[in-house]
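**Student:** My structure is below; once you've seen it, I'll send some questions.
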Amino acid sequence: MKVLTVLGARPQFIKAAPVSVALAVGDHEERILHTGQHYDADMSDIFFQELPIPVPAINLEIGSGTHGAQTARMLEGIEQALIAEPPDWVLVYGDTNSTLAGALAAAKMGVPIAHVEAGLRSFNREMPEEINRIVADHTADLLLCPTAVAMQNLATEGLAARSRQVGDTMLDVQRSQLAAAAHSQILDAMGLEPKSYCLATLHRAYTVDDPDRLAAVLGALDRLSKPVVLPLHPRTKARIEAFDLPVFTGSLRLVDPVGYHDMLYLESHAARILTDSGGVQKEAYWLEVPCVTLRPETEWVETVEQGWNRIVDVDPEKIVAAAEAEDWPTRPPPMLYGDGAAADHIVRELERGPEPHGVGDST
Ligand code: UD1
Ligand code: UDP
């Protein structure tokens with residue numbers, strides 16, 4: 001079986017790593033197409049060094065741009081790759097512009113598409129990611145869902161026949177990398193003790209592209225009673241500079257983006273995690289670290305239902321209250337994201353081949 005995996009952004013390198021391992025074990029041929037959406041060494045190369053992901057066979061080096069320009073350039077490059085060497089499957093992950101371009105290019109060429117992390121919905125169409133994941137799901141031939149909620153979302157949209165619940169590959173990768181992450185020196189380097197600090201990440205357009213929202217969130221983080229380690233996404237760094245925000249002199253400790261192992265170590269030992277990231281909310285849940293989500297809603301509703309995640313949007317008082325609260329669950333959360341072998345289940349589904357188009361669903 002020949003698979004072309006389309007990746008482009010940080011979380012996709014992480015999600016794809018266990019699937020690459022499972023494809024290699026199954027003696028399948030995987031070629032990675034890196035769109036180049038993320039290109040800084042600490043947003044891309046470091047994950048290929050730390051995790052078992054093959055070196056990309058193709059790097060389109062698209063870089064940053066408006067949604068239309070970026071996606072259009074990707075579409076053209078992916079189409080050329082599909083013409084040059086047609087695979088049995090195109091594999092796309094998550095909800096970025098690289099996901100959208102991979103799915104659209106393959107759909108137009110009639111190449112079967114498998115979408116990993118299918119069925120997630122925020123029900124907020126102002127998020128660029130919501131548009132990307134809806135289009136990817138409705139063009140894909142195989143919808144590989146992490147949760148029962150995702151399966152239900154797809155059933156509601158008439159896509160049940162193509163949906164399979166396989167679990168979450170981010171859980172696979174976390175479990176497989178915990179031992180390697182234990183060697184991280186990052187806390188020593190920062191002079192921090194376990195559980196003496198909070199960890200924050202911020203990068204959503206909603207949170208960081210609006211100067212008032214960004215200032216409100218950073219101001220609240222700066223007021224917390226513990227130091228707050230914030231590895232700065234390049235988008236957020238650019239906005240802080242462009243908006244000429246005040247210098248924060250309280251609890252905030254801004255650092256460059258960190259690799260996956262340092263991030264896993266920082267997450268594991270944090271007293272609280274505050275984030276607008278999708279992946280980081282789940283990672284906090286699996287590590288049993290209380291999470292405060294800096295968004296108006298979440299796709300990962302199970303984490304909220306189980307009491308391990310609180311949604312506070314960008315309201316400074318709610319952010320501080322949730323982060324300082326002590327009434328978090330004490331019992332381990334139920335495992336709702338698969339058995340830690342999602343990648344193996346994904347490869348078994350790919351080996352079965354795509355369903356004939358349009359069978360059993362309403363699209
Ligand atoms: C993208 C995804 C988002 C995902 C996030 C993961 C889309 C629409 N958004 O958001 O869903 O959660 O990745 O991190 O696909 N930049 C750099 N260096 C880089 C990459 C980006 O400087 O290596 C800067 C550029 O100024 C760029 C900005 O960050 O304009 C935004 O990058 P972009 O890839 O468009 O979106 P993200 O915010 O990273
Ligand atoms: N991550 C990382 N270094 C960082 C910040 C995040 O390795 O400095 C990892 C994080 O542990 C998770 C993934 O990147 O596995 C999440 O990516 P991001 O928050 O950029 O995107 P999202 O999940 O919101 O799409």
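Every chain in the structure tokens has a letter given in the order shown (A, B, ...), and although residue numbers restart at 1 in each chain, ligands are simply numbered from 1 in the order shown.
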Taking only residues of chain A that have an atom at most 7 Å from an atom of ligand 2, what is each one's shortest atom pair and its distance in Å to one decimal, using only C-alpha atoms and all ligand atoms, in chain and number order, as a Markdown table?
**Tutor:**
| residue | atom | partner | partner_atom_place_in_ligand_line | distance |
| --- | --- | --- | --- | --- |
| A:Arg10 | CA | ligand 2 | 20 (O) | 5.5 |
| A:Pro11 | CA | ligand 2 | 17 (O) | 4.1 |
| A:Ile14 | CA | ligand 2 | 15 (O) | 6.0 |
| A:Met170 | CA | ligand 2 | 15 (O) | 6.9 |
| A:Thr201 | CA | ligand 2 | 5 (C) | 6.5 |
| A:Pro231 | CA | ligand 2 | 8 (O) | 4.9 |
| A:Leu232 | CA | ligand 2 | 8 (O) | 6.8 |
| A:His233 | CA | ligand 2 | 8 (O) | 6.8 |
| A:Pro257 | CA | ligand 2 | 8 (O) | 3.6 |
| A:Val258 | CA | ligand 2 | 8 (O) | 4.0 |
| A:Gly259 | CA | ligand 2 | 7 (O) | 4.6 |
| A:Tyr260 | CA | ligand 2 | 7 (O) | 3.6 |
| A:Met263 | CA | ligand 2 | 7 (O) | 5.1 |
| A:Leu264 | CA | ligand 2 | 11 (O) | 6.0 |
| A:Asp276 | CA | ligand 2 | 24 (O) | 6.6 |
| A:Ser277 | CA | ligand 2 | 24 (O) | 3.3 |
| A:Gly278 | CA | ligand 2 | 24 (O) | 3.9 |
| A:Gly279 | CA | ligand 2 | 23 (O) | 3.5 |
| A:Val280 | CA | ligand 2 | 12 (C) | 5.1 |
| A:Glu283 | CA | ligand 2 | 11 (O) | 6.9 |
**Student:** Step by step, measure atom-to-atom distances between ligand 1 and each residue using only C-alpha atoms and all ligand atoms, keep those at most 8 Å, then write them as a ChimeraX atom specification.
**Tutor:** /A:9-11,37-44,63-67,70,95-99,128-129,132,203-205,233-236,238,277-278
**Student:** Let me make sure I understand: among A:Asp327, A:Asp141, A:Glu29, A:Asp262, which one has the smallest atom-to-atom distance to A:Ala179 if we use only C-alpha atoms?
**Tutor:**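 Answer, going by the shortest atom-to-atom distance: A:Asp262.
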**Student:** Would you list, as JSON, numbers by chain, the residues of stretch 22-182 of chain A that end up in alpha helix (DSSP H) under DSSP run on this structure's backbone?
**Tutor:** {"A": [22, 23, 24, 25, 45, 46, 47, 48, 49, 50, 67, 68, 69, 70, 71, 72, 73, 74, 75, 76, 77, 78, 79, 80, 81, 82, 83, 84, 97, 98, 99, 100, 101, 102, 103, 104, 105, 106, 107, 108, 109, 128, 129, 130, 131, 132, 133, 134, 135, 136, 137, 138, 139, 148, 149, 150, 151, 152, 153, 154, 155, 156, 169, 170, 171, 172, 173, 174, 175, 176, 177, 178, 179, 180, 181]}
**Student:** Calculated over only C-alpha atoms, which of the candidates A:Met109, A:Ala72, A:Val92, A:Ala180 has the smallest distance to A:His34?
**Tutor:**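 With only C-alpha atoms as the atom set, the closest residue is A:Val92.
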**Student:** Identify, with DSSP run on backbone atoms, the residues in stretch 96-323 of chain A assigned to strand (DSSP E), and express the list as a VMD selection string.
**Tutor:** chain A and resid 113 to 116 142 to 145 163 to 165 198 to 201 228 to 231 252 to 255 272 to 275 291 to 293 309 to 311
**Student:** Report, in Å to a single decimal, how far apart atom CA of A:Ala216 and atom CA of A:Met190 are.
**Tutor:**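 Here the two named atoms are 25.5 Å from each other.
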**Student:** So that I can see what lies close to stretch 239-256 of chain A, please list as a list in words the residues with an atom at most 6 Å from it, counting only C-alpha atoms and leaving out residues fewer than 6 positions away in the same chain.
**Tutor:**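 Counting only the stated atoms, we get Asp222, Pro227, Val228, Val229, Leu230, Pro231 and Leu232 of chain A.
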**Student:** For A:Arg31, find every residue with an atom within 12 Å (counting only C-alpha atoms), except residues of its own chain fewer than 5 positions away, and show them as a list of chain:residue names.
**Tutor:**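 Once the nearby chain positions are removed, what remains is A:Met1, A:Lys2, A:Val3, A:Leu4, A:Thr5, A:Val6, A:Leu7, A:Ala16, A:Ser20, A:Leu23, A:Ala24, A:Ile53, A:Pro54, A:Val55, A:Pro56, A:Ala57, A:Ile58, A:Asn59, A:Ala81, A:Leu82, A:Glu85, A:Pro86, A:Pro87, A:Asp88, A:Trp89, A:Val90, A:Leu91.
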